file structure-v4.csv (CSV, C-alpha atoms and all ligand atoms)
chain,number,residue,atom,x,y,z
A,53,MET,CA,23.5,-5.7,-18.6
A,54,GLY,CA,26.8,-7.1,-17.3
A,55,GLY,CA,27.2,-10.9,-17.6
A,56,THR,CA,23.4,-11.2,-17.9
A,57,ALA,CA,23.4,-10.0,-21.5
A,58,THR,CA,24.7,-13.1,-23.3
A,59,PRO,CA,24.9,-13.2,-27.1
A,60,GLU,CA,22.0,-15.7,-26.8
A,61,LEU,CA,19.9,-13.1,-25.1
A,62,ALA,CA,20.9,-10.3,-27.5
A,63,GLY,CA,20.3,-12.5,-30.5
A,64,ALA,CA,16.8,-13.5,-29.3
A,65,VAL,CA,15.9,-9.9,-28.7
A,66,THR,CA,17.1,-8.8,-32.1
A,67,ALA,CA,15.4,-11.8,-33.8
A,68,ALA,CA,12.2,-10.7,-32.2
A,69,GLY,CA,12.5,-7.3,-33.9
A,70,ALA,CA,14.1,-5.2,-31.2
A,71,LEU,CA,17.8,-4.2,-30.7
A,72,GLY,CA,19.6,-6.7,-28.6
A,73,THR,CA,22.8,-5.6,-26.8
A,74,VAL,CA,25.7,-7.7,-25.8
A,75,ALA,CA,27.7,-6.9,-22.7
A,76,SER,CA,31.5,-6.6,-23.2
A,77,VAL,CA,32.5,-7.1,-19.6
A,78,LEU,CA,35.5,-9.4,-19.0
A,79,LEU,CA,36.0,-10.1,-22.7
A,80,SER,CA,39.2,-9.6,-24.6
A,81,ALA,CA,39.0,-8.0,-28.1
A,82,GLU,CA,39.5,-11.5,-29.6
A,83,GLU,CA,36.8,-13.0,-27.5
A,84,LEU,CA,34.3,-10.2,-28.3
A,85,ALA,CA,35.1,-10.4,-32.0
A,86,GLU,CA,34.5,-14.1,-32.0
A,87,GLU,CA,31.2,-13.8,-30.1
A,88,LEU,CA,30.0,-11.1,-32.5
A,89,ASP,CA,31.1,-13.1,-35.6
A,90,GLN,CA,29.2,-16.1,-34.3
A,91,LEU,CA,26.1,-14.1,-33.5
A,92,ARG,CA,26.1,-12.4,-37.0
A,93,LYS,CA,26.0,-15.9,-38.6
A,94,LYS,CA,22.9,-16.7,-36.6
A,95,VAL,CA,21.0,-13.4,-36.5
A,96,ALA,CA,20.5,-11.1,-39.4
A,97,GLY,CA,19.2,-7.9,-37.6
A,98,PRO,CA,21.1,-5.2,-35.8
A,99,ILE,CA,23.1,-5.9,-32.6
A,100,GLY,CA,24.5,-3.4,-30.1
A,101,VAL,CA,27.5,-3.7,-27.8
A,102,ASN,CA,27.7,-2.0,-24.5
A,103,PHE,CA,30.8,-0.7,-22.7
A,104,LEU,CA,31.0,0.4,-19.1
A,105,MET,CA,33.5,3.2,-19.1
A,106,PRO,CA,35.4,2.1,-15.9
A,107,PHE,CA,36.2,-1.2,-17.6
A,108,LEU,CA,36.7,0.1,-21.2
A,109,GLU,CA,39.4,-1.4,-23.5
A,110,ARG,CA,39.8,0.6,-26.7
A,111,ASP,CA,40.7,-2.5,-28.8
A,112,CYS,CA,37.4,-4.0,-27.7
A,113,VAL,CA,35.6,-0.9,-29.0
A,114,GLU,CA,37.4,-1.2,-32.3
A,115,ALA,CA,36.4,-4.9,-32.5
A,116,ALA,CA,32.8,-4.0,-31.8
A,117,ALA,CA,32.6,-1.0,-34.2
A,118,SER,CA,33.2,-3.1,-37.3
A,119,ARG,CA,30.8,-5.9,-36.3
A,120,ALA,CA,27.9,-4.3,-34.5
A,121,ARG,CA,25.3,-1.8,-35.7
A,122,VAL,CA,25.4,0.2,-32.4
A,123,VAL,CA,28.2,0.7,-29.9
A,124,GLU,CA,27.2,2.4,-26.7
A,125,PHE,CA,28.8,3.6,-23.6
A,126,PHE,CA,27.7,4.2,-20.1
A,127,PHE,CA,29.1,6.4,-17.3
A,128,GLY,CA,31.9,8.9,-17.5
A,129,THR,CA,32.0,12.0,-19.6
A,130,PRO,CA,31.2,11.5,-23.3
A,131,ASP,CA,34.4,11.2,-25.3
A,132,ARG,CA,34.7,12.4,-28.9
A,133,SER,CA,37.7,10.1,-29.6
A,134,LEU,CA,35.6,7.0,-28.7
A,135,VAL,CA,32.7,8.2,-30.8
A,136,GLU,CA,35.1,8.7,-33.7
A,137,LEU,CA,36.5,5.2,-33.2
A,138,VAL,CA,33.0,3.8,-33.4
A,139,HIS,CA,32.1,5.8,-36.6
A,140,ARG,CA,35.4,4.7,-38.3
A,141,GLY,CA,34.3,1.1,-37.8
A,142,GLY,CA,30.9,1.9,-39.4
A,143,ALA,CA,28.6,1.6,-36.3
A,144,LEU,CA,26.3,4.2,-34.7
A,145,ALA,CA,27.5,5.6,-31.4
A,146,CYS,CA,25.3,6.1,-28.3
A,147,TRP,CA,25.8,7.2,-24.7
A,148,GLN,CA,23.5,6.3,-21.9
A,149,VAL,CA,23.3,9.4,-19.7
A,150,GLY,CA,21.6,10.5,-16.5
A,151,SER,CA,21.6,14.3,-16.9
A,152,ARG,CA,20.9,17.0,-19.4
A,153,GLU,CA,24.5,18.1,-19.2
A,154,HIS,CA,25.8,14.7,-20.2
A,155,ALA,CA,23.2,14.4,-22.9
A,156,VAL,CA,24.4,17.7,-24.5
A,157,ALA,CA,28.0,16.5,-24.1
A,158,ALA,CA,27.2,13.3,-25.8
A,159,VAL,CA,25.7,15.1,-28.8
A,160,GLU,CA,28.7,17.5,-28.9
A,161,ALA,CA,30.9,14.4,-28.9
A,162,GLY,CA,29.1,13.2,-32.0
A,163,CYS,CA,26.7,10.5,-30.7
A,164,ASP,CA,24.0,9.5,-33.1
A,165,PHE,CA,21.5,9.0,-30.4
A,166,ILE,CA,21.4,8.9,-26.6
A,167,ILE,CA,19.7,6.9,-23.9
A,168,ALA,CA,18.2,8.9,-21.0
A,169,GLN,CA,18.3,6.7,-17.9
A,170,GLY,CA,16.1,7.7,-15.0
A,171,ILE,CA,16.6,6.9,-11.3
A,172,GLU,CA,14.0,4.1,-11.5
A,173,ALA,CA,16.5,1.9,-13.5
A,174,GLY,CA,18.0,-1.4,-12.4
A,175,GLY,CA,21.7,-1.8,-12.3
A,176,HIS,CA,24.1,1.2,-12.0
A,177,VAL,CA,22.4,4.5,-12.2
A,178,ALA,CA,23.8,7.8,-13.3
A,179,ALA,CA,20.6,9.9,-12.8
A,180,ARG,CA,19.5,11.7,-9.7
A,181,ILE,CA,16.0,12.3,-11.0
A,182,GLY,CA,13.1,10.4,-12.4
A,183,LEU,CA,12.9,9.3,-16.0
A,184,PHE,CA,10.1,11.7,-17.1
A,185,PRO,CA,11.5,14.9,-15.8
A,186,LEU,CA,14.9,13.9,-17.2
A,187,LEU,CA,13.4,13.0,-20.6
A,188,ASP,CA,11.6,16.3,-20.6
A,189,GLU,CA,14.8,18.3,-20.0
A,190,ILE,CA,16.8,16.3,-22.5
A,191,LEU,CA,14.3,16.4,-25.3
A,192,ASP,CA,14.3,20.2,-24.9
A,193,ALA,CA,18.1,20.3,-25.1
A,194,VAL,CA,19.2,17.9,-27.9
A,195,ASP,CA,18.0,17.2,-31.5
A,196,VAL,CA,19.1,13.5,-31.8
A,197,PRO,CA,16.7,10.6,-31.0
A,198,VAL,CA,16.4,9.9,-27.3
A,199,VAL,CA,15.7,6.5,-25.9
A,200,ALA,CA,13.9,6.3,-22.5
A,201,ALA,CA,15.3,3.9,-19.9
A,202,GLY,CA,14.4,3.2,-16.3
A,203,GLY,CA,11.3,1.6,-14.7
A,204,ILE,CA,9.6,0.6,-17.9
A,205,GLY,CA,8.4,-2.9,-17.7
A,206,SER,CA,5.0,-2.8,-19.3
A,207,GLY,CA,3.5,-1.9,-22.7
A,208,ARG,CA,1.5,0.8,-20.9
A,209,LEU,CA,4.7,2.6,-19.7
A,210,MET,CA,6.4,2.0,-23.1
A,211,ALA,CA,3.5,3.8,-24.7
A,212,ALA,CA,3.8,6.6,-22.1
A,213,ALA,CA,7.5,7.1,-22.9
A,214,LEU,CA,6.9,7.1,-26.6
A,215,THR,CA,4.0,9.6,-26.2
A,216,ALA,CA,6.3,11.8,-24.1
A,217,GLY,CA,8.7,12.0,-27.1
A,218,ALA,CA,11.1,9.1,-26.6
A,219,ALA,CA,12.2,7.5,-29.9
A,220,ALA,CA,12.3,4.1,-28.3
A,221,VAL,CA,12.6,2.5,-24.9
A,222,ARG,CA,15.4,0.4,-23.3
A,223,ILE,CA,14.3,-2.5,-21.1
A,224,GLY,CA,16.7,-4.1,-18.6
A,225,THR,CA,15.1,-5.8,-15.7
A,226,ARG,CA,12.4,-7.7,-17.7
A,227,PHE,CA,15.2,-9.3,-19.7
A,228,ALA,CA,17.3,-10.2,-16.6
A,229,ALA,CA,14.5,-12.8,-16.0
A,230,ALA,CA,14.4,-14.0,-19.7
A,231,HIS,CA,15.1,-17.7,-20.5
A,232,GLU,CA,18.2,-16.6,-22.4
A,233,ALA,CA,19.7,-14.4,-19.7
A,234,ASP,CA,22.6,-15.7,-17.8
A,235,SER,CA,20.9,-15.2,-14.4
A,236,HIS,CA,21.0,-17.6,-11.5
A,237,PRO,CA,17.6,-19.2,-10.9
A,238,GLN,CA,17.4,-17.7,-7.3
A,239,TYR,CA,17.9,-14.3,-8.8
A,240,VAL,CA,15.2,-14.9,-11.4
A,241,GLN,CA,12.8,-16.1,-8.7
A,242,ARG,CA,13.4,-13.1,-6.5
A,243,LEU,CA,12.7,-10.8,-9.5
A,244,ILE,CA,9.4,-12.6,-10.0
A,245,ASP,CA,8.5,-12.3,-6.3
A,246,ALA,CA,9.5,-8.6,-6.0
A,247,ARG,CA,7.7,-5.4,-6.5
A,248,ALA,CA,9.0,-1.8,-7.1
A,249,GLN,CA,9.1,-1.0,-3.4
A,250,ASP,CA,11.4,-4.0,-2.8
A,251,THR,CA,14.3,-2.2,-4.7
A,252,VAL,CA,16.7,0.2,-3.2
A,253,MET,CA,19.4,2.7,-4.4
A,254,THR,CA,22.6,2.0,-2.7
A,255,LYS,CA,26.4,2.2,-3.1
A,256,ALA,CA,26.7,-1.0,-1.0
A,257,PHE,CA,28.1,-3.4,-3.8
A,258,HIS,CA,31.3,-1.4,-4.3
A,259,VAL,CA,34.1,-3.9,-4.7
A,260,MET,CA,35.5,-3.6,-8.3
A,261,TRP,CA,33.5,-0.4,-8.9
A,262,PRO,CA,33.5,1.9,-5.9
A,263,ASP,CA,31.2,4.8,-5.0
A,264,THR,CA,28.7,4.3,-7.8
A,265,PRO,CA,24.9,4.2,-7.0
A,266,HIS,CA,23.0,1.1,-8.2
A,267,ARG,CA,19.5,-0.2,-7.8
A,268,VAL,CA,19.2,-3.7,-6.4
A,269,LEU,CA,16.7,-5.8,-4.5
A,270,ARG,CA,16.8,-4.7,-0.9
A,271,SER,CA,17.0,-8.4,0.1
A,272,SER,CA,20.5,-8.7,-1.4
A,273,VAL,CA,21.8,-5.8,0.6
A,274,ASP,CA,20.3,-7.3,3.8
A,275,ALA,CA,21.8,-10.7,3.0
A,276,ALA,CA,25.3,-9.3,2.3
A,277,THR,CA,25.1,-7.3,5.5
A,278,ALA,CA,24.3,-10.4,7.5
A,279,PHE,CA,27.0,-12.5,5.7
A,280,GLN,CA,30.1,-12.9,7.9
A,281,GLY,CA,32.8,-14.2,5.5
A,282,ASP,CA,35.1,-12.4,3.0
A,283,VAL,CA,34.1,-14.4,-0.1
A,284,THR,CA,30.4,-15.0,-1.0
A,285,GLY,CA,31.1,-17.5,-3.8
A,286,GLU,CA,32.6,-18.1,-7.2
A,287,LEU,CA,31.4,-16.3,-10.4
A,288,VAL,CA,31.3,-18.2,-13.6
A,289,LEU,CA,30.9,-15.8,-16.6
A,290,ARG,CA,31.3,-17.1,-20.1
A,291,ASN,CA,34.8,-18.8,-19.9
A,292,HIS,CA,35.9,-16.9,-16.8
A,293,ARG,CA,35.8,-18.1,-13.2
A,294,MET,CA,36.7,-15.8,-10.2
A,295,PRO,CA,36.1,-15.7,-6.5
A,296,LEU,CA,33.5,-13.1,-5.5
A,297,PRO,CA,34.5,-10.9,-2.5
A,298,ARG,CA,31.6,-9.8,-0.3
A,299,TRP,CA,30.1,-6.6,-1.8
A,300,ALA,CA,31.5,-7.4,-5.3
A,301,VAL,CA,29.7,-5.9,-8.3
A,302,PRO,CA,28.9,-8.9,-10.5
A,303,ASN,CA,25.4,-10.3,-10.3
A,304,PRO,CA,24.9,-14.1,-10.0
A,305,THR,CA,25.0,-15.9,-13.3
A,306,ARG,CA,23.5,-19.4,-13.8
A,307,LEU,CA,26.6,-21.3,-12.8
A,308,THR,CA,27.7,-19.0,-10.0
A,309,THR,CA,28.0,-20.9,-6.7
A,310,GLY,CA,27.9,-19.8,-3.1
A,311,ARG,CA,25.7,-17.5,-1.1
A,312,ILE,CA,23.6,-16.3,-4.1
A,313,GLU,CA,21.2,-14.3,-2.0
A,314,ALA,CA,24.2,-12.1,-0.8
A,315,MET,CA,25.2,-11.1,-4.3
A,316,PRO,CA,23.8,-8.0,-6.0
A,317,MET,CA,20.4,-8.6,-7.5
A,318,TYR,CA,20.1,-5.6,-9.8
A,319,ALA,CA,16.5,-4.7,-10.4
A,320,GLY,CA,14.6,-1.6,-11.5
A,321,GLU,CA,11.3,-0.3,-10.4
A,322,SER,CA,10.1,-2.2,-13.5
A,323,VAL,CA,10.5,-5.4,-11.5
A,324,SER,CA,6.7,-5.2,-10.6
A,325,ALA,CA,6.2,-6.3,-14.3
A,326,VAL,CA,8.3,-9.4,-14.0
A,327,LYS,CA,5.7,-12.1,-13.4
A,328,SER,CA,7.4,-15.1,-14.8
A,329,SER,CA,10.5,-16.2,-16.6
A,330,GLN,CA,9.7,-16.0,-20.4
A,331,PRO,CA,11.6,-16.3,-23.6
A,332,ALA,CA,13.0,-12.9,-24.7
A,333,ALA,CA,10.8,-13.0,-27.9
A,334,ALA,CA,7.7,-13.3,-25.8
A,335,ILE,CA,8.7,-10.2,-23.7
A,336,VAL,CA,9.4,-8.2,-26.9
A,337,ARG,CA,6.1,-9.3,-28.4
A,338,GLU,CA,4.1,-8.6,-25.2
A,339,LEU,CA,5.6,-5.1,-24.8
A,340,ALA,CA,5.1,-4.1,-28.5
A,341,THR,CA,1.6,-5.5,-28.7
A,342,GLU,CA,0.5,-3.8,-25.4
A,343,ALA,CA,2.2,-0.5,-26.3
A,344,GLU,CA,0.5,-0.5,-29.7
A,345,ARG,CA,-2.9,-1.1,-28.0
A,346,HIS,CA,-2.3,1.8,-25.6
A,347,LEU,CA,-1.2,4.1,-28.3
A,348,ARG,CA,-4.3,3.2,-30.3
A,349,LEU,CA,-6.5,3.8,-27.3
A,350,TRP,CA,-4.7,7.1,-26.8
A,351,ALA,CA,-5.2,8.1,-30.4
A,352,ALA,CA,-8.9,7.2,-30.3
A,353,ARG,CA,-9.4,9.3,-27.1
A,354,PHE,CA,-7.3,12.3,-28.1
A,355,GLY,CA,-6.6,12.0,-31.9
A,356,GLY,CA,-7.9,14.7,-34.2
A,357,GLN,CA,-7.7,17.4,-31.5
A,358,ASP,CA,-5.0,20.1,-31.9
B,401,LIG,C1,21.0,-6.8,-14.4
B,401,LIG,C2,21.3,-5.5,-15.0
B,401,LIG,C3,22.6,-5.2,-15.4
B,401,LIG,C4,22.9,-4.0,-16.0
B,401,LIG,N1,24.1,-3.8,-16.6
B,401,LIG,C5,24.4,-2.7,-17.3
B,401,LIG,C6,25.6,-2.6,-18.1
B,401,LIG,O1,26.5,-3.5,-18.0
B,401,LIG,N2,25.7,-1.5,-18.9
B,401,LIG,C7,24.8,-0.5,-19.0
B,401,LIG,O2,24.9,0.4,-19.7
B,401,LIG,N3,23.6,-0.6,-18.3
B,401,LIG,C8,23.4,-1.7,-17.5
B,401,LIG,N4,22.2,-1.8,-16.8
B,401,LIG,C9,21.2,-0.7,-16.9
B,401,LIG,C10,20.4,-0.7,-18.2
B,401,LIG,O3,21.2,-0.2,-19.2
B,401,LIG,C11,19.1,0.2,-18.1
B,401,LIG,O4,19.4,1.5,-17.9
B,401,LIG,C12,18.1,-0.3,-17.1
B,401,LIG,O5,18.0,-1.7,-17.0
B,401,LIG,C13,16.7,0.3,-17.4
B,401,LIG,O6,15.9,0.2,-16.3
B,401,LIG,P1,15.0,-1.2,-16.0
B,401,LIG,O7,16.0,-2.1,-15.4
B,401,LIG,O8,14.0,-0.7,-15.1
B,401,LIG,O9,14.5,-1.7,-17.3
B,401,LIG,C14,21.9,-3.0,-16.2
B,401,LIG,C15,20.6,-3.3,-15.7
B,401,LIG,C16,20.3,-4.5,-15.1
B,401,LIG,C17,18.9,-4.7,-14.6
call {"tool": "encode", "arguments": {"input": "structure-v4.csv", "output": "structure tokens"}}
result
Amino acid sequence: MGGTATPELAGAVTAAGALGTVASVLLSAEELAEELDQLRKKVAGPIGVNFLMPFLERDCVEAAASRARVVEFFFGTPDRSLVELVHRGGALACWQVGSREHAVAAVEAGCDFIIAQGIEAGGHVAARIGLFPLLDEILDAVDVPVVAAGGIGSGRLMAAALTAGAAAVRIGTRFAAAHEADSHPQYVQRLIDARAQDTVMTKAFHVMWPDTPHRVLRSSVDAATAFQGDVTGELVLRNHRMPLPRWAVPNPTRLTTGRIEAMPMYAGESVSAVKSSQPAAAIVRELATEAERHLRLWAARFGGQD
């Protein structure tokens, strides 16, 4: 989840019993290795590291593969040499995909599991269709576990995805509003205030990563359109500072300054389920408890019938 996915957030998600994922953006291999080593001292469970293909550095993948349980990639065509690099380091390899073709290519490249991301998702989106039709196509086409992503913000929808055959769900937007996320307070407040219909798919925030669809709050596109200058503010991400050109890709972190409302506020249709800022552990617990309740209800209603 870009700069939002701090080691603190990933660690809290993992400590709560899920799989927390660290973003590798803007980090050198040494910085990533140091972050992961520190995290492993604090948290015993599995950690994932995410790589966005347009920004990929192979030495960072190598550093992640020997320290994380899962190394995953997003965008681009699945690449066997990267998967082999992950396996050599001892981690599981995963690709987040938006089509059946890329799901099959990921499995052929040797991925241990895949993430099917539907068009409802927040952030950059590879899919052109909704999660459920995509999941259906992919489950028919591959024999590795498939994780469902996009638009899932509640235990009810988590149970629906599991019932449809997903092995797990990936949650993004709910965690962008978590206490441990590096999200600017204005961004968090807008997530709390927004509903699914307040999100839009656009290619508007294109500087640094052109021509790639992403789902954001419509208000951030409107504010950037109205903004007259060339630079909306300054991004502060971990130890890095950089000016943010208008229409730049990074979302506003806690210490980012400037016209926050005109920076991309990534949000999935799951944003309806963001009702407050919560600790990550509370989000994990709520989703798991609610999903289990719905699965039990479902079993009571339909169980025992063939
Ligand atoms: C703020 C934010 C940043 C994201 N950044 C990344 C990223 O760096 N890498 C990635 O693979 N996916 C990223 N995503 C997409 C997620 O992996 C996931 O597909 C999506 O959040 C699922 O939909 P949801 O937001 O409705 O839960 C991001 C999503 C959000 C909301």
call {"tool": "closest_residue", "arguments": {"input": "structure-v4.csv", "among": "A:Pro98, A:Gly281, A:Gly207, A:Gly170", "to": "ligand LIG 401 (chain B)", "atoms": "only C-alpha atoms and all ligand atoms"}}
result
A:Gly170
call {"tool": "closest_residue", "arguments": {"input": "structure-v4.csv", "among": "A:Thr254, A:Ser272, A:Thr215, A:Thr305", "to": "ligand LIG 401 (chain B)", "atoms": "all atoms listed in the file"}}
result
A:Thr305
call {"tool": "residues_near_ligand", "arguments": {"input": "structure-v4.csv", "ligand": "ligand LIG 401 (chain B)", "cutoff": "7 Å", "atoms": "all atoms listed in the file", "output": "PyMOL selection string"}}
result
chain A and resi 53-54+56+75+102-104+125-126+148+169+172-176+201-205+222-226+228+303+318-323
call {"tool": "closest_residue", "arguments": {"input": "structure-v4.csv", "among": "A:Ile181, A:Ala68, A:Glu136, A:Ala219", "to": "Pro197 of chain A", "atoms": "all atoms listed in the file"}}
result
A:Ala219
call {"tool": "residues_around", "arguments": {"input": "structure-v4.csv", "residues": "Leu71 of chain A", "least_positions_apart": "6", "cutoff": "9 Å", "atoms": "only C-alpha atoms", "output": "PyMOL selection string"}}
result
chain A and resi 62-63+65+97-100+122
call {"tool": "residues_around", "arguments": {"input": "structure-v4.csv", "residues": "Glu109 of chain A", "least_positions_apart": "2", "cutoff": "12 Å", "atoms": "all atoms listed in the file", "output": "number ranges by chain"}}
result
A: 76-82, 84, 102-107, 111-116, 125, 134
call {"tool": "write_last_selection", "arguments": {"input": "structure-v4.csv", "atoms": "C-alpha atoms", "output": "compact mmCIF listing (two decimals), in the frame of the given file"}}
result
# COMPACT_ATOMS: atom_id res chain seq x y z
CA SER A 76 31.50 -6.60 -23.20
CA VAL A 77 32.50 -7.10 -19.60
CA LEU A 78 35.50 -9.40 -19.00
CA LEU A 79 36.00 -10.10 -22.70
CA SER A 80 39.20 -9.60 -24.60
CA ALA A 81 39.00 -8.00 -28.10
CA GLU A 82 39.50 -11.50 -29.60
CA LEU A 84 34.30 -10.20 -28.30
CA ASN A 102 27.70 -2.00 -24.50
CA PHE A 103 30.80 -0.70 -22.70
CA LEU A 104 31.00 0.40 -19.10
CA MET A 105 33.50 3.20 -19.10
CA PRO A 106 35.40 2.10 -15.90
CA PHE A 107 36.20 -1.20 -17.60
CA ASP A 111 40.70 -2.50 -28.80
CA CYS A 112 37.40 -4.00 -27.70
CA VAL A 113 35.60 -0.90 -29.00
CA GLU A 114 37.40 -1.20 -32.30
CA ALA A 115 36.40 -4.90 -32.50
CA ALA A 116 32.80 -4.00 -31.80
CA PHE A 125 28.80 3.60 -23.60
CA LEU A 134 35.60 7.00 -28.70
call {"tool": "atom_distance", "arguments": {"input": "structure-v4.csv", "atom1": "atom CA of Asp282 of chain A", "atom2": "atom CA of Met317 of chain A"}}
result
18.5 Å
call {"tool": "closest_residue", "arguments": {"input": "structure-v4.csv", "among": "A:Thr277, A:Ser118, A:Asn291, A:Thr73", "to": "Asp89 of chain A", "atoms": "all atoms listed in the file"}}
result
A:Ser118
call {"tool": "closest_residue", "arguments": {"input": "structure-v4.csv", "among": "A:Asp188, A:Glu232, A:Asp274, A:Asp245", "to": "Ala168 of chain A", "atoms": "all atoms listed in the file"}}
result
A:Asp188
call {"tool": "closest_residue", "arguments": {"input": "structure-v4.csv", "among": "A:Ala213, A:Val194, A:Thr129, A:Arg337", "to": "Ala67 of chain A", "atoms": "all atoms listed in the file"}}
result
A:Arg337
call {"tool": "atom_distance", "arguments": {"input": "structure-v4.csv", "atom1": "atom CA of Glu124 of chain A", "atom2": "atom CA of Val336 of chain A"}}
result
20.7 Å
call {"tool": "atom_distance", "arguments": {"input": "structure-v4.csv", "atom1": "atom CA of Trp261 of chain A", "atom2": "atom CA of Val301 of chain A"}}
result
6.7 Å
call {"tool": "axis_aligned_box", "arguments": {"input": "structure-v4.csv", "around": "segment 303-308 of chain A", "padding_each_side": "3 Å", "output": "JSON"}}
result
{"center_x": 25.6, "center_y": -15.8, "center_z": -11.9, "size_x": 10.2, "size_y": 17.0, "size_z": 9.8}
call {"tool": "residues_around", "arguments": {"input": "structure-v4.csv", "residues": "Ala332 of chain A", "least_positions_apart": "5", "cutoff": "7 Å", "atoms": "only C-alpha atoms", "output": "JSON, numbers by chain"}}
result
{"A": [61, 64, 65, 227, 230, 231, 232]}
call {"tool": "residues_around", "arguments": {"input": "structure-v4.csv", "residues": "Val74 of chain A", "least_positions_apart": "3", "cutoff": "6 Å", "atoms": "all atoms listed in the file", "output": "list in words"}}
result
Ala57, Pro59, Ala62 and Val101 of chain A
call {"tool": "decode", "arguments": {"input": "structure-v4.csv", "residues": "segment 78-95 of chain A", "atoms": "N, CA and C atoms", "output": "PDB file, in the first residue's frame"}}
result
ATOM      1  N   LEU A  78      10.588   3.349  -2.572  1.00  0.00           N
ATOM      2  CA  LEU A  78      11.591   4.357  -2.231  1.00  0.00           C
ATOM      3  C   LEU A  78      12.678   3.858  -1.285  1.00  0.00           C
ATOM      4  N   LEU A  79      12.691   2.556  -0.972  1.00  0.00           N
ATOM      5  CA  LEU A  79      13.711   2.047  -0.049  1.00  0.00           C
ATOM      6  C   LEU A  79      14.850   1.396  -0.837  1.00  0.00           C
ATOM      7  N   SER A  80      16.079   1.602  -0.362  1.00  0.00           N
ATOM      8  CA  SER A  80      17.215   0.872  -0.927  1.00  0.00           C
ATOM      9  C   SER A  80      17.194  -0.532  -0.325  1.00  0.00           C
ATOM     10  N   ALA A  81      17.994  -1.446  -0.904  1.00  0.00           N
ATOM     11  CA  ALA A  81      18.048  -2.818  -0.387  1.00  0.00           C
ATOM     12  C   ALA A  81      18.504  -2.807   1.076  1.00  0.00           C
ATOM     13  N   GLU A  82      19.462  -1.924   1.412  1.00  0.00           N
ATOM     14  CA  GLU A  82      19.969  -1.861   2.793  1.00  0.00           C
ATOM     15  C   GLU A  82      18.869  -1.392   3.737  1.00  0.00           C
ATOM     16  N   GLU A  83      18.133  -0.356   3.316  1.00  0.00           N
ATOM     17  CA  GLU A  83      17.049   0.162   4.172  1.00  0.00           C
ATOM     18  C   GLU A  83      15.954  -0.881   4.374  1.00  0.00           C
ATOM     19  N   LEU A  84      15.603  -1.579   3.292  1.00  0.00           N
ATOM     20  CA  LEU A  84      14.558  -2.598   3.389  1.00  0.00           C
ATOM     21  C   LEU A  84      15.004  -3.732   4.314  1.00  0.00           C
ATOM     22  N   ALA A  85      16.266  -4.156   4.140  1.00  0.00           N
ATOM     23  CA  ALA A  85      16.796  -5.233   4.982  1.00  0.00           C
ATOM     24  C   ALA A  85      16.766  -4.824   6.457  1.00  0.00           C
ATOM     25  N   GLU A  86      17.161  -3.596   6.734  1.00  0.00           N
ATOM     26  CA  GLU A  86      17.186  -3.097   8.113  1.00  0.00           C
ATOM     27  C   GLU A  86      15.763  -3.069   8.693  1.00  0.00           C
ATOM     28  N   GLU A  87      14.798  -2.561   7.895  1.00  0.00           N
ATOM     29  CA  GLU A  87      13.400  -2.515   8.363  1.00  0.00           C
ATOM     30  C   GLU A  87      12.886  -3.911   8.685  1.00  0.00           C
ATOM     31  N   LEU A  88      13.177  -4.854   7.782  1.00  0.00           N
ATOM     32  CA  LEU A  88      12.662  -6.220   7.976  1.00  0.00           C
ATOM     33  C   LEU A  88      13.342  -6.894   9.158  1.00  0.00           C
ATOM     34  N   ASP A  89      14.650  -6.651   9.339  1.00  0.00           N
ATOM     35  CA  ASP A  89      15.353  -7.238  10.484  1.00  0.00           C
ATOM     36  C   ASP A  89      14.772  -6.709  11.792  1.00  0.00           C
ATOM     37  N   GLN A  90      14.517  -5.396  11.837  1.00  0.00           N
ATOM     38  CA  GLN A  90      13.922  -4.793  13.047  1.00  0.00           C
ATOM     39  C   GLN A  90      12.544  -5.389  13.317  1.00  0.00           C
ATOM     40  N   LEU A  91      11.765  -5.516  12.239  1.00  0.00           N
ATOM     41  CA  LEU A  91      10.397  -6.027  12.372  1.00  0.00           C
ATOM     42  C   LEU A  91      10.392  -7.463  12.886  1.00  0.00           C
ATOM     43  N   ARG A  92      11.340  -8.258  12.377  1.00  0.00           N
ATOM     44  CA  ARG A  92      11.377  -9.676  12.787  1.00  0.00           C
ATOM     45  C   ARG A  92      11.754  -9.835  14.250  1.00  0.00           C
ATOM     46  N   LYS A  93      12.437  -8.813  14.794  1.00  0.00           N
ATOM     47  CA  LYS A  93      12.767  -8.870  16.230  1.00  0.00           C
ATOM     48  C   LYS A  93      11.510  -8.630  17.064  1.00  0.00           C
ATOM     49  N   LYS A  94      10.569  -7.843  16.509  1.00  0.00           N
ATOM     50  CA  LYS A  94       9.377  -7.457  17.283  1.00  0.00           C
ATOM     51  C   LYS A  94       8.200  -8.407  17.068  1.00  0.00           C
ATOM     52  N   VAL A  95       8.101  -8.986  15.867  1.00  0.00           N
ATOM     53  CA  VAL A  95       6.911  -9.762  15.510  1.00  0.00           C
ATOM     54  C   VAL A  95       7.328 -11.157  15.056  1.00  0.00           C
TER      55      VAL A  95
END
